[in-house]
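Printed here is query-v4.cif (mmCIF, C-alpha atoms):
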```cif
data_target
#
loop_
_atom_site.label_atom_id
_atom_site.label_comp_id
_atom_site.auth_asym_id
_atom_site.auth_seq_id
_atom_site.Cartn_x
_atom_site.Cartn_y
_atom_site.Cartn_z
CA MET A 1 0.00 0.00 0.00
CA ILE A 2 1.59 3.23 1.26
CA PHE A 3 2.25 4.90 -2.12
CA ASN A 4 -1.42 4.75 -3.08
CA THR A 5 -2.69 6.30 0.16
CA PHE A 6 -3.58 9.90 0.91
CA SER A 7 -1.57 9.60 4.15
CA TYR A 8 1.61 9.21 2.13
CA PHE A 9 1.04 12.30 0.04
CA LEU A 10 -0.56 14.61 2.59
CA LEU A 11 1.25 13.68 5.81
CA PHE A 12 4.69 12.91 4.44
CA LEU A 13 5.58 13.69 0.83
CA LEU A 14 4.28 17.23 0.46
CA PRO A 15 5.25 18.57 3.92
CA ALA A 16 8.66 16.90 3.76
CA ALA A 17 9.42 18.13 0.24
CA ILE A 18 8.40 21.69 1.07
CA GLY A 19 10.25 21.59 4.40
CA PHE A 20 13.35 20.22 2.72
CA ARG A 21 13.28 22.90 0.02
CA LEU A 22 12.87 25.72 2.55
CA ALA A 23 15.33 24.45 5.16
CA ALA A 24 18.86 25.80 5.55
CA PRO A 25 21.53 23.53 4.02
CA ALA A 26 22.67 22.22 7.41
CA ALA A 27 19.10 21.39 8.41
CA LYS A 28 18.13 19.55 5.20
CA PRO A 29 19.44 16.11 6.28
CA TRP A 30 17.60 16.46 9.60
CA VAL A 31 14.35 17.22 7.79
CA LEU A 32 14.73 13.99 5.78
CA SER A 33 15.72 12.01 8.88
CA LEU A 34 12.81 13.21 11.01
CA PHE A 35 10.21 12.66 8.31
CA GLY A 36 11.79 9.28 7.50
CA ALA A 37 11.59 8.17 11.13
CA ALA A 38 8.00 9.40 11.40
CA PHE A 39 7.13 7.60 8.15
CA PHE A 40 8.63 4.35 9.42
CA VAL A 41 6.75 4.55 12.72
CA PHE A 42 3.45 5.66 11.18
CA PHE A 43 3.22 2.94 8.52
CA SER A 44 4.65 0.26 10.79
CA VAL A 45 1.92 0.99 13.33
CA THR A 46 -0.97 1.50 10.91
CA ALA A 47 -0.17 -0.94 8.10
CA LEU A 48 2.19 -3.60 9.41
CA ALA A 49 3.27 -5.04 12.71
CA GLY A 50 2.08 -2.35 15.12
CA TRP A 51 4.29 -0.84 17.79
CA ILE A 52 6.63 -3.82 17.85
CA GLY A 53 7.29 -3.15 14.17
CA ALA A 54 7.79 0.54 14.88
CA ALA A 55 10.37 -0.39 17.51
CA CYS A 56 12.51 -1.71 14.68
CA LEU A 57 13.48 1.90 14.15
CA LEU A 58 16.23 0.82 16.52
CA LEU A 59 17.83 -0.97 13.55
CA PHE A 60 18.36 2.41 11.90
CA LEU A 61 19.72 3.92 15.11
CA TRP A 62 22.12 0.99 15.54
CA GLU A 63 23.24 1.31 11.92
CA SER A 64 23.73 5.07 12.14
CA ALA A 65 25.80 4.61 15.33
CA ILE A 66 28.03 1.75 14.19
CA SER A 67 28.57 3.31 10.78
CA ARG A 68 30.49 6.12 12.50
CA LEU A 69 33.16 3.53 13.37
CA TYR A 70 33.59 2.31 9.78
CA ARG A 71 37.09 2.86 8.39
CA PRO A 72 38.81 1.38 5.34
CA GLY A 73 39.78 -2.20 6.22
CA SER A 74 38.13 -1.97 9.66
CA ARG A 75 36.47 -4.96 11.33
CA TRP A 76 33.58 -2.70 12.34
CA CYS A 77 32.50 -2.83 8.69
CA LEU A 78 32.40 -6.62 8.89
CA LEU A 79 30.35 -6.42 12.10
CA GLY A 80 27.93 -4.03 10.38
CA VAL A 81 27.42 -6.49 7.52
CA VAL A 82 26.98 -9.44 9.91
CA VAL A 83 24.41 -7.63 12.05
CA ALA A 84 22.46 -6.49 8.97
CA VAL A 85 22.42 -10.01 7.51
CA VAL A 86 21.51 -11.63 10.85
CA ALA A 87 18.62 -9.17 11.38
CA LEU A 88 17.30 -9.91 7.88
CA GLY A 89 17.80 -13.62 8.46
CA ILE A 90 15.83 -13.65 11.69
CA PHE A 91 12.93 -11.49 10.57
CA LYS A 92 12.54 -12.86 7.07
CA TYR A 93 13.88 -16.40 7.06
CA TRP A 94 13.56 -17.79 10.59
CA ASN A 95 10.40 -19.77 9.99
CA PHE A 96 11.49 -20.83 6.51
CA PHE A 97 14.86 -22.30 7.48
CA THR A 98 13.82 -23.75 10.83
CA GLY A 99 10.80 -25.26 9.10
CA LEU A 100 12.78 -26.99 6.34
CA PRO A 101 13.62 -30.12 8.39
CA PHE A 102 9.92 -30.42 9.24
CA GLY A 103 8.61 -30.20 5.69
CA GLY A 104 7.59 -26.58 6.11
CA ASN A 105 4.72 -27.47 8.43
CA PRO A 106 4.60 -24.92 11.31
CA ARG A 107 2.82 -27.40 13.60
CA ASN A 108 5.76 -29.77 13.48
CA ASN A 109 8.36 -27.06 13.92
CA PRO A 110 9.19 -26.58 17.62
CA TRP A 111 11.11 -23.38 16.80
CA HIS A 112 8.32 -21.81 14.78
CA TRP A 113 7.97 -18.07 15.54
CA HIS A 114 4.21 -17.54 15.63
CA GLY A 115 4.37 -13.75 15.95
CA ALA A 116 6.82 -13.34 13.08
CA PHE A 117 6.65 -10.01 11.26
CA LEU A 118 8.72 -8.08 8.75
CA PRO A 119 10.00 -4.63 9.67
CA LEU A 120 8.98 -2.12 7.01
CA GLY A 121 11.39 -2.22 4.07
CA ILE A 122 13.94 -4.51 5.73
CA SER A 123 14.89 -6.28 2.49
CA PHE A 124 15.84 -2.98 0.93
CA PHE A 125 17.44 -1.04 3.76
CA THR A 126 19.55 -4.11 4.61
CA PHE A 127 21.09 -3.89 1.13
CA GLU A 128 21.87 -0.20 1.65
CA PHE A 129 23.48 -0.99 5.03
CA ILE A 130 25.63 -3.70 3.43
CA HIS A 131 26.58 -1.45 0.53
CA TYR A 132 27.79 1.31 2.85
CA ALA A 133 29.77 -1.04 5.12
CA VAL A 134 31.48 -2.75 2.18
CA ASP A 135 32.21 0.49 0.36
CA ARG A 136 33.65 2.10 3.50
CA TRP A 137 35.76 -1.02 4.03
CA LYS A 138 37.04 -0.72 0.46
CA ASN A 139 37.36 3.07 0.84
CA LYS A 140 35.00 3.57 -2.09
CA THR A 141 32.90 6.19 -0.32
CA VAL A 142 33.45 9.05 2.09
CA PRO A 143 31.85 8.92 5.55
CA GLY A 144 29.91 12.20 5.43
CA LYS A 145 28.26 13.65 8.52
CA PHE A 146 26.11 11.66 10.94
CA SER A 147 22.99 13.54 9.83
CA GLU A 148 23.77 12.88 6.16
CA TYR A 149 24.06 9.13 6.62
CA LEU A 150 20.89 9.12 8.71
CA ALA A 151 19.11 11.00 5.90
CA PHE A 152 20.42 8.43 3.41
CA ILE A 153 19.10 5.40 5.27
CA LEU A 154 15.85 7.07 6.36
CA PHE A 155 14.98 8.65 3.00
CA PHE A 156 11.37 7.48 2.95
CA PRO A 157 10.49 7.55 -0.79
CA THR A 158 12.97 4.71 -1.35
CA MET A 159 12.84 3.07 2.08
CA VAL A 160 10.14 0.49 1.47
CA ALA A 161 10.93 -0.97 -1.95
CA GLY A 162 13.83 0.95 -3.44
CA PRO A 163 15.29 1.86 -5.84
CA ILE A 164 18.38 0.77 -3.88
CA LYS A 165 20.58 3.83 -3.56
CA ARG A 166 24.35 4.29 -3.28
CA TYR A 167 25.71 6.69 -0.69
CA GLN A 168 28.38 8.12 -3.00
CA ASP A 169 25.64 9.10 -5.48
CA PHE A 170 23.17 10.34 -2.88
CA LEU A 171 25.56 12.51 -0.83
CA PRO A 172 26.49 15.09 -3.50
CA ASN A 173 22.79 15.32 -4.36
CA LEU A 174 21.89 15.88 -0.73
CA ARG A 175 24.52 18.58 -0.32
CA ALA A 176 23.52 20.40 -3.49
CA PRO A 177 19.95 19.43 -4.41
CA SER A 178 18.42 20.79 -7.56
CA THR A 179 16.91 24.24 -7.12
CA ALA A 180 14.90 24.10 -10.33
CA TRP A 181 11.54 23.92 -8.57
CA ALA A 182 9.46 24.17 -11.73
CA VAL A 183 11.26 21.44 -13.67
CA ASP A 184 11.48 19.14 -10.64
CA GLY A 185 7.81 19.72 -9.90
CA ARG A 186 6.77 18.90 -13.47
CA LEU A 187 8.94 15.80 -13.73
CA GLY A 188 8.14 14.60 -10.22
CA MET A 189 4.38 15.06 -10.50
CA THR A 190 4.29 13.52 -13.97
CA ARG A 191 6.21 10.50 -12.75
CA ILE A 192 3.92 10.07 -9.73
CA LEU A 193 0.73 10.40 -11.79
CA VAL A 194 1.99 7.97 -14.45
CA GLY A 195 2.92 5.53 -11.66
CA LEU A 196 -0.50 5.73 -10.03
CA ALA A 197 -2.28 5.39 -13.39
CA LYS A 198 -0.14 2.38 -14.29
CA LYS A 199 -0.85 0.78 -10.93
CA PHE A 200 -4.62 1.31 -10.98
CA ALA A 201 -5.42 0.94 -14.67
CA VAL A 202 -3.00 -1.82 -15.64
CA ALA A 203 -1.66 -3.76 -12.67
CA ASP A 204 -4.83 -3.82 -10.58
CA LEU A 205 -7.05 -4.50 -13.59
CA LEU A 206 -5.04 -7.61 -14.48
CA THR A 207 -5.81 -9.07 -11.07
CA ALA A 208 -9.02 -10.42 -12.63
CA LEU A 209 -6.81 -12.74 -14.70
CA THR A 210 -3.97 -13.44 -12.31
CA ASP A 211 -6.29 -14.44 -9.45
CA HIS A 212 -6.88 -17.66 -11.39
CA LEU A 213 -3.33 -18.83 -10.78
CA ASN A 214 -4.37 -21.30 -8.09
CA HIS A 215 -4.66 -25.09 -8.09
CA ASP A 216 -8.44 -25.34 -8.45
CA ASP A 217 -8.76 -22.89 -11.33
CA ILE A 218 -5.76 -24.37 -13.13
CA ALA A 219 -7.28 -27.86 -12.84
CA GLN A 220 -10.58 -26.73 -14.37
CA ALA A 221 -9.27 -24.32 -16.99
CA GLU A 222 -8.92 -25.00 -20.68
CA ARG A 223 -5.30 -25.36 -21.63
CA TRP A 224 -5.11 -22.35 -23.96
CA ILE A 225 -5.99 -19.91 -21.17
CA LEU A 226 -3.03 -20.93 -18.97
CA PRO A 227 -0.34 -18.96 -20.87
CA VAL A 228 -2.72 -15.98 -20.97
CA TRP A 229 -2.96 -15.98 -17.17
CA LEU A 230 0.79 -16.34 -16.81
CA MET A 231 1.57 -13.56 -19.27
CA ALA A 232 -1.00 -11.40 -17.53
CA TYR A 233 1.04 -11.89 -14.37
CA GLY A 234 4.21 -10.94 -16.30
CA VAL A 235 2.60 -7.68 -17.39
CA LYS A 236 1.08 -7.11 -13.97
CA ILE A 237 4.29 -7.45 -12.01
CA TYR A 238 6.06 -5.15 -14.44
CA ALA A 239 3.31 -2.54 -14.32
CA ASP A 240 3.06 -2.86 -10.54
CA PHE A 241 6.71 -2.62 -9.61
CA SER A 242 7.67 -0.10 -12.28
CA ALA A 243 4.71 1.99 -11.06
CA TYR A 244 6.07 1.77 -7.53
CA SER A 245 9.51 2.84 -8.78
CA ASP A 246 7.96 5.70 -10.78
CA ILE A 247 6.28 7.03 -7.64
CA ALA A 248 9.47 6.67 -5.59
CA ILE A 249 11.61 8.39 -8.23
CA GLY A 250 8.99 11.10 -8.78
CA SER A 251 8.70 11.67 -5.03
CA ALA A 252 12.47 12.07 -4.72
CA ARG A 253 12.39 14.53 -7.58
CA LEU A 254 10.01 16.77 -5.61
CA PHE A 255 12.83 17.13 -3.07
CA GLY A 256 15.23 18.03 -5.90
CA LEU A 257 16.97 14.66 -5.46
CA LYS A 258 17.71 12.02 -8.05
CA VAL A 259 17.63 8.33 -7.23
CA PRO A 260 18.55 5.47 -9.57
CA GLU A 261 16.21 4.26 -12.29
CA ASN A 262 14.86 0.73 -11.85
CA PHE A 263 13.33 -0.27 -15.21
CA ASP A 264 14.28 0.45 -18.80
CA TRP A 265 11.94 -1.46 -21.11
CA PRO A 266 12.98 -4.92 -19.89
CA TYR A 267 10.46 -6.84 -21.98
CA LEU A 268 11.96 -5.44 -25.19
CA GLN A 269 15.38 -6.96 -24.51
CA THR A 270 16.74 -9.61 -26.83
CA ASN A 271 18.58 -11.83 -24.34
CA ILE A 272 18.37 -12.75 -20.68
CA ALA A 273 21.57 -10.90 -19.71
CA LYS A 274 20.16 -7.68 -21.17
CA PHE A 275 16.84 -8.38 -19.47
CA TRP A 276 18.58 -8.35 -16.10
CA THR A 277 20.36 -5.07 -16.84
CA HIS A 278 16.96 -3.49 -17.60
CA TRP A 279 14.75 -5.14 -14.92
CA HIS A 280 15.00 -3.96 -11.31
CA MET A 281 18.30 -2.37 -12.29
CA SER A 282 19.29 -1.13 -8.84
CA LEU A 283 18.99 -4.69 -7.49
CA SER A 284 20.85 -6.22 -10.44
CA LYS A 285 23.70 -3.78 -9.94
CA TRP A 286 23.76 -4.47 -6.20
CA LEU A 287 23.93 -8.23 -6.80
CA MET A 288 26.67 -7.70 -9.37
CA ASP A 289 28.79 -5.55 -7.02
CA TYR A 290 28.22 -7.33 -3.71
CA VAL A 291 27.69 -10.98 -4.69
CA TYR A 292 28.84 -11.80 -8.23
CA ILE A 293 32.11 -9.86 -8.34
CA PRO A 294 33.23 -10.86 -4.80
CA LEU A 295 32.68 -14.50 -5.87
CA GLY A 296 35.16 -13.92 -8.69
CA GLY A 297 32.74 -12.65 -11.32
CA SER A 298 33.83 -13.44 -14.85
CA ARG A 299 37.56 -13.49 -14.11
CA VAL A 300 37.63 -17.15 -13.16
CA SER A 301 37.43 -20.45 -15.02
CA PRO A 302 34.23 -21.09 -17.04
CA PRO A 303 32.79 -23.66 -14.62
CA ARG A 304 33.23 -21.21 -11.76
CA ILE A 305 31.65 -18.42 -13.79
CA TYR A 306 28.57 -20.56 -14.29
CA GLY A 307 28.62 -21.40 -10.59
CA ASN A 308 28.85 -17.69 -9.72
CA LEU A 309 25.88 -16.93 -11.95
CA LEU A 310 23.84 -19.66 -10.27
CA ILE A 311 24.78 -18.56 -6.76
CA THR A 312 24.03 -14.90 -7.54
CA MET A 313 20.60 -15.71 -8.92
CA LEU A 314 19.87 -18.08 -6.02
CA VAL A 315 20.62 -15.19 -3.65
CA SER A 316 18.30 -13.04 -5.76
CA GLY A 317 15.63 -15.73 -5.55
CA ILE A 318 15.70 -16.22 -1.81
CA TRP A 319 15.87 -12.44 -1.29
CA HIS A 320 12.59 -12.08 -3.16
CA GLY A 321 10.82 -14.37 -0.75
CA ALA A 322 11.34 -17.05 1.87
CA GLY A 323 10.07 -20.03 -0.07
CA LEU A 324 11.33 -22.92 -2.17
CA ASN A 325 9.48 -21.51 -5.18
CA PHE A 326 11.63 -18.37 -5.05
CA LEU A 327 14.77 -20.51 -4.90
CA VAL A 328 13.62 -22.37 -8.02
CA TRP A 329 12.81 -19.04 -9.70
CA GLY A 330 16.35 -17.83 -8.96
CA LEU A 331 17.82 -21.13 -10.13
CA TRP A 332 15.82 -20.88 -13.37
CA HIS A 333 17.28 -17.45 -14.10
CA GLY A 334 20.77 -18.59 -13.10
CA VAL A 335 20.53 -21.46 -15.59
CA LEU A 336 19.23 -19.10 -18.28
CA LEU A 337 22.14 -16.72 -17.71
CA ALA A 338 24.64 -19.61 -17.75
CA VAL A 339 23.17 -21.01 -20.98
CA HIS A 340 23.22 -17.56 -22.54
CA ARG A 341 26.84 -17.08 -21.57
CA ALA A 342 27.83 -20.47 -22.97
CA TRP A 343 25.89 -19.73 -26.16
CA THR A 344 27.52 -16.35 -26.77
CA LYS A 345 30.98 -17.79 -26.07
CA ARG A 346 30.41 -20.62 -28.49
CA ALA A 347 28.82 -18.55 -31.22
CA GLY A 348 31.13 -15.58 -30.76
CA ALA A 349 27.98 -13.53 -30.88
CA THR A 350 29.57 -10.55 -29.18
CA ASP A 351 31.74 -9.92 -32.23
CA LYS A 352 28.93 -9.28 -34.66
CA SER A 353 25.47 -7.83 -34.30
CA PRO A 354 22.67 -10.34 -34.84
CA THR A 355 20.40 -10.23 -37.86
CA LEU A 356 16.90 -8.82 -37.63
CA LEU A 357 15.50 -12.34 -37.52
CA GLY A 358 18.02 -13.24 -34.84
CA ARG A 359 16.96 -10.24 -32.74
CA TYR A 360 13.29 -11.15 -33.00
CA ALA A 361 14.08 -14.78 -32.13
CA GLY A 362 16.15 -13.59 -29.17
CA TRP A 363 13.38 -11.30 -27.99
CA ALA A 364 10.72 -14.03 -28.27
CA THR A 365 12.89 -16.59 -26.48
CA THR A 366 13.71 -14.14 -23.68
CA PHE A 367 10.08 -13.10 -23.29
CA VAL A 368 8.85 -16.70 -23.11
CA CYS A 369 11.59 -17.81 -20.68
CA VAL A 370 11.04 -14.85 -18.34
CA ASN A 371 7.29 -15.42 -18.33
CA LEU A 372 7.68 -19.14 -17.68
CA GLY A 373 9.82 -18.21 -14.71
CA TRP A 374 6.99 -16.12 -13.21
CA ALA A 375 5.15 -19.39 -12.55
CA PHE A 376 7.59 -20.02 -9.70
CA PHE A 377 7.34 -16.43 -8.50
CA VAL A 378 3.58 -16.23 -8.20
CA MET A 379 2.70 -19.79 -7.15
CA ASP A 380 4.08 -22.14 -4.52
CA LEU A 381 6.17 -25.03 -5.79
CA PRO A 382 3.48 -27.74 -6.02
CA THR A 383 1.04 -25.37 -7.75
CA ALA A 384 3.69 -24.09 -10.16
CA SER A 385 4.70 -27.67 -11.03
CA PHE A 386 1.05 -28.56 -11.59
CA PHE A 387 0.60 -25.46 -13.77
CA LEU A 388 3.60 -26.33 -15.95
CA ARG A 389 2.51 -29.98 -16.25
CA ARG A 390 -0.91 -28.87 -17.42
CA LEU A 391 0.60 -26.27 -19.74
CA PHE A 392 3.00 -28.65 -21.49
CA LEU A 393 1.43 -32.08 -21.04
CA GLY A 394 -2.25 -31.21 -20.94
CA MET B 1 15.72 -0.89 -33.44
CA ASN B 2 13.27 0.36 -35.95
CA ILE B 3 13.36 4.18 -36.02
CA PHE B 4 9.63 4.38 -35.39
CA PHE B 5 9.86 2.34 -32.19
CA LEU B 6 12.94 4.24 -31.10
CA ARG B 7 11.09 7.54 -31.41
CA LEU B 8 8.02 6.12 -29.72
CA LYS B 9 10.20 4.98 -26.80
CA GLU B 10 11.80 8.44 -26.54
CA LEU B 11 8.39 10.11 -26.58
CA LEU B 12 6.99 7.78 -23.91
CA ASP B 13 10.05 8.32 -21.71
CA TYR B 14 9.52 12.08 -22.06
CA LEU B 15 5.81 11.85 -21.24
CA ASN B 16 6.65 9.55 -18.32
CA GLY B 17 8.83 12.29 -16.79
CA CYS B 18 12.02 10.23 -17.21
CA SER B 19 13.77 12.94 -19.19
CA ALA B 20 13.52 16.70 -18.75
CA ASP B 21 14.20 17.50 -22.39
CA ALA B 22 12.01 16.60 -25.31
CA PRO B 23 13.40 14.17 -27.90
CA VAL B 24 15.53 15.97 -30.48
CA TRP B 25 13.16 15.07 -33.31
CA LEU B 26 10.28 16.79 -31.49
CA GLY B 27 12.08 20.11 -31.86
CA ARG B 28 11.12 21.75 -28.55
CA ASN B 29 9.69 21.03 -25.14
CA LEU B 30 5.93 20.69 -24.91
CA PRO B 31 4.16 23.87 -23.69
CA GLY B 32 2.63 24.04 -20.23
CA TRP B 33 -0.96 23.53 -21.41
CA VAL B 34 -0.05 20.19 -22.99
CA TRP B 35 1.32 19.00 -19.66
CA GLY B 36 -1.88 20.24 -18.05
CA VAL B 37 -3.95 18.15 -20.46
CA TRP B 38 -1.69 15.13 -19.90
CA TRP B 39 -2.04 15.44 -16.12
CA ALA B 40 -5.81 15.76 -16.50
CA VAL B 41 -5.88 12.56 -18.57
CA LEU B 42 -3.77 10.75 -15.97
CA LEU B 43 -5.95 12.02 -13.12
CA GLY B 44 -9.01 10.86 -15.04
CA VAL B 45 -7.54 7.38 -15.45
CA ILE B 46 -6.62 7.29 -11.76
CA ALA B 47 -10.12 8.39 -10.72
CA LEU B 48 -11.68 5.82 -13.05
CA PHE B 49 -9.70 2.84 -11.86
CA CYS B 50 -8.79 3.57 -8.25
CA GLY B 51 -10.53 1.87 -5.36
CA GLN B 52 -9.58 -1.68 -6.29
CA SER B 53 -7.44 -1.56 -3.16
CA SER B 54 -4.89 -4.12 -4.21
CA LYS B 55 -1.49 -4.01 -2.60
CA PHE B 56 1.75 -3.41 -4.44
CA ILE B 57 2.92 -6.93 -5.11
CA TYR B 58 6.66 -6.85 -4.98
CA ILE B 59 8.24 -8.04 -1.79
CA ASP B 60 7.76 -7.56 1.94
CA PHE B 61 4.17 -6.40 1.80
#
```
Target encoding structure tokens, full file:
Amino acid sequence: MIFNTFSYFLLFLLPAAIGFRLAAPAAKPWVLSLFGAAFFVFFSVTALAGWIGAACLLLFLWESAISRLYRPGSRWCLLGVVVAVVALGIFKYWNFFTGLPFGGNPRNNPWHWHGAFLPLGISFFTFEFIHYAVDRWKNKTVPGKFSEYLAFILFFPTMVAGPIKRYQDFLPNLRAPSTAWAVDGRLGMTRILVGLAKKFAVADLLTALTDHLNHDDIAQAERWILPVWLMAYGVKIYADFSAYSDIAIGSARLFGLKVPENFDWPYLQTNIAKFWTHWHMSLSKWLMDYVYIPLGGSRVSPPRIYGNLLITMLVSGIWHGAGLNFLVWGLWHGVLLAVHRAWTKRAGATDKSPTLLGRYAGWATTFVCVNLGWAFFVMDLPTASFFLRRLFLG
Amino acid sequence: MNIFFLRLKELLDYLNGCSADAPVWLGRNLPGWVWGVWWAVLLGVIALFCGQSSKFIYIDF
């Protein structure tokens, strides 16, 4: 919810943007921090886990405190990463991993956490915490002031679902935000309105089709309708998440701040590697910098490269959700990326541009493969398997 | 990419608020009244389709 509520626009976005614009330079980070903290508490209490969820504001306070100790090569950076990963692991994956030995049945799991909840935006702010700790450790970013880092982690337009920011990009923006009120206002409002229209008129409307992706409806449906439902989900998730990103980016623009883009026509791409550089781009770049490259990236032997691709996409899968279906979704994309890499190596396709027919074939293959993968994203594993059996075997 | 689709993509990016400047082939930025009409269209679409109260579907919601 959040971005399609009046509370967001009237209580937070407009007052914060105006306050930020009018504040003295030294006060600007504090304006963002205070509104960010209020945003976290308000929506935690009203939309998520109540006051216990709001208490997770302590995670930001801990992060802002320990980050002051980060130095290049310092073990404090390592501690920061460990604490961020452990917090994410407990809140998001406790029941999933402890439930694995018991077949995922909570009744059989003696360690099941019945009151489990997710702190608002934890999957995203954890990635920003890790980014800052690693980049400080590698001396790739400057520390900035306490208030500036607090403003970075508590910047509410991107707190809940990204785009995932980088401190070295955000800080110069924060210190010298755009003063072109008219242009920022036009671009920001346009982006927000387009995002809301996309959400309501495309994503929400497709729910009528995607609601059928359940075992009973799949069992009764005629076979030809199954790919229609799945493609509807492919369009819906794109419209939904790109709409969310539009609103986040447009909101930031009202402050005079630029945050990374997240989507650049992903469904028009002609291979799976290009798809991932145009879909949820801030996440893809994060995974590249903080998972794939540290594993050795492409500078290792071919078998290890394929392994790195699989591991990176498995991390992406489990990050998207605590479920075996998300692991399979990640594995599917890892295999696609590995096959694509092997194919381009073998064909030497990077040396020459493909023919028109080749581009269309590449686009169609990519589109079909990505949409098949959504089966594992939207349905649990048994239902997705049943769906694919019905789709291919009747 | 076909020049038609390339231009269409540039125009949609401009209307989406992704770029401040109009595509070169358009010659100049759209006047204020055009943006007003565009916003009115968007607001109309929002008013027409809102109220379905579905959540954003990505993660953690």
Listing only residues of chain A within 6 Å of chain B, what is the closest atom pair and its distance in Å (to one decimal) for each, using all atoms listed in the file, sorted by chain and residue number ascending, as a Markdown table?
```
| residue | atom | partner | partner_atom | distance |
| --- | --- | --- | --- | --- |
| A:Met1 | CA | B:Lys55 | CA | 5.0 |
| A:Leu187 | CA | B:Gly17 | CA | 4.7 |
| A:Thr190 | CA | B:Gly17 | CA | 5.5 |
| A:Arg191 | CA | B:Gly17 | CA | 5.1 |
| A:Ala197 | CA | B:Ile46 | CA | 5.0 |
| A:Phe200 | CA | B:Phe49 | CA | 5.4 |
| A:Ala201 | CA | B:Phe49 | CA | 5.5 |
```
Next item on the list: Between atom CA of Arg223 of chain A and atom CA of Lys236 of chain A, measure the distance and give it in Å to one decimal.
Entry: 20.8 Å
Contacts of Ile305 of chain A within 12 Å, all atoms listed in the file, excl. fewer than 3 positions in-chain, as a tab-separated table (two decimals) with C-alpha atoms, in the frame of the given file:
```tsv
chain	number	residue	atom	x	y	z
A	292	TYR	CA	28.84	-11.80	-8.23
A	293	ILE	CA	32.11	-9.86	-8.34
A	294	PRO	CA	33.23	-10.86	-4.80
A	295	LEU	CA	32.68	-14.50	-5.87
A	296	GLY	CA	35.16	-13.92	-8.69
A	297	GLY	CA	32.74	-12.65	-11.32
A	298	SER	CA	33.83	-13.44	-14.85
A	299	ARG	CA	37.56	-13.49	-14.11
A	300	VAL	CA	37.63	-17.15	-13.16
A	301	SER	CA	37.43	-20.45	-15.02
A	302	PRO	CA	34.23	-21.09	-17.04
A	308	ASN	CA	28.85	-17.69	-9.72
A	309	LEU	CA	25.88	-16.93	-11.95
A	310	LEU	CA	23.84	-19.66	-10.27
A	311	ILE	CA	24.78	-18.56	-6.76
A	312	THR	CA	24.03	-14.90	-7.54
A	334	GLY	CA	20.77	-18.59	-13.10
A	335	VAL	CA	20.53	-21.46	-15.59
A	337	LEU	CA	22.14	-16.72	-17.71
A	338	ALA	CA	24.64	-19.61	-17.75
A	339	VAL	CA	23.17	-21.01	-20.98
A	341	ARG	CA	26.84	-17.08	-21.57
A	342	ALA	CA	27.83	-20.47	-22.97
```
Next item on the list: Select, from A:Ala37, A:Leu10, A:Val134, A:Val183, the residue with the minimum atom-to-atom distance to Arg71 of chain A, counting only C-alpha atoms.
Entry: A:Val134
Apply the PyMOL selection byres ((chain A and resi 378-384) around 8) to the displayed file and report the matching residues as an mmCIF file with C-alpha atoms, in the frame of the given file.
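File part12.cif, as written:
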```cif
data_model
loop_
_atom_site.group_PDB
_atom_site.id
_atom_site.type_symbol
_atom_site.label_atom_id
_atom_site.label_comp_id
_atom_site.auth_asym_id
_atom_site.auth_seq_id
_atom_site.Cartn_x
_atom_site.Cartn_y
_atom_site.Cartn_z
ATOM 1 C CA LEU A 213 -3.330 -18.830 -10.780
ATOM 2 C CA ASN A 214 -4.370 -21.300 -8.090
ATOM 3 C CA HIS A 215 -4.660 -25.090 -8.090
ATOM 4 C CA TYR A 233 1.040 -11.890 -14.370
ATOM 5 C CA GLY A 323 10.070 -20.030 -0.070
ATOM 6 C CA LEU A 324 11.330 -22.920 -2.170
ATOM 7 C CA ASN A 325 9.480 -21.510 -5.180
ATOM 8 C CA TRP A 374 6.990 -16.120 -13.210
ATOM 9 C CA ALA A 375 5.150 -19.390 -12.550
ATOM 10 C CA PHE A 376 7.590 -20.020 -9.700
ATOM 11 C CA PHE A 377 7.340 -16.430 -8.500
ATOM 12 C CA SER A 385 4.700 -27.670 -11.030
ATOM 13 C CA PHE A 386 1.050 -28.560 -11.590
ATOM 14 C CA PHE A 387 0.600 -25.460 -13.770
ATOM 15 C CA LEU A 388 3.600 -26.330 -15.950
#
```
Next item on the list: Grab the atom CA of Asp246 of chain A to atom CA of Lys140 of chain A distance for me, in Å with one decimal place.
Entry: 28.5 Å
Next item on the list: Take atom CA of Ser316 of chain A and atom CA of Asp264 of chain A and report the distance between them in Å, one decimal.
Entry: 19.2 Å
Go through the shown structure with the PyMOL selection byres ((chain A and resi 77-92) around 8) and write out the matching residues as a short mmCIF file (atom, residue, chain, number, x, y, z; two decimals) with C-alpha atoms, keeping the file's coordinate frame.
```
data_model
loop_
_atom_site.label_atom_id
_atom_site.label_comp_id
_atom_site.auth_asym_id
_atom_site.auth_seq_id
_atom_site.Cartn_x
_atom_site.Cartn_y
_atom_site.Cartn_z
CA GLU A 63 23.24 1.31 11.92
CA ILE A 66 28.03 1.75 14.19
CA SER A 67 28.57 3.31 10.78
CA LEU A 69 33.16 3.53 13.37
CA TYR A 70 33.59 2.31 9.78
CA ARG A 71 37.09 2.86 8.39
CA GLY A 73 39.78 -2.20 6.22
CA SER A 74 38.13 -1.97 9.66
CA ARG A 75 36.47 -4.96 11.33
CA TRP A 76 33.58 -2.70 12.34
CA TYR A 93 13.88 -16.40 7.06
CA TRP A 94 13.56 -17.79 10.59
CA ASN A 95 10.40 -19.77 9.99
CA ALA A 116 6.82 -13.34 13.08
CA PHE A 117 6.65 -10.01 11.26
CA LEU A 118 8.72 -8.08 8.75
CA PRO A 119 10.00 -4.63 9.67
CA ILE A 122 13.94 -4.51 5.73
CA SER A 123 14.89 -6.28 2.49
CA THR A 126 19.55 -4.11 4.61
CA PHE A 129 23.48 -0.99 5.03
CA ILE A 130 25.63 -3.70 3.43
CA ALA A 133 29.77 -1.04 5.12
CA VAL A 134 31.48 -2.75 2.18
CA ARG A 136 33.65 2.10 3.50
CA TRP A 137 35.76 -1.02 4.03
CA ALA A 322 11.34 -17.05 1.87
#
```
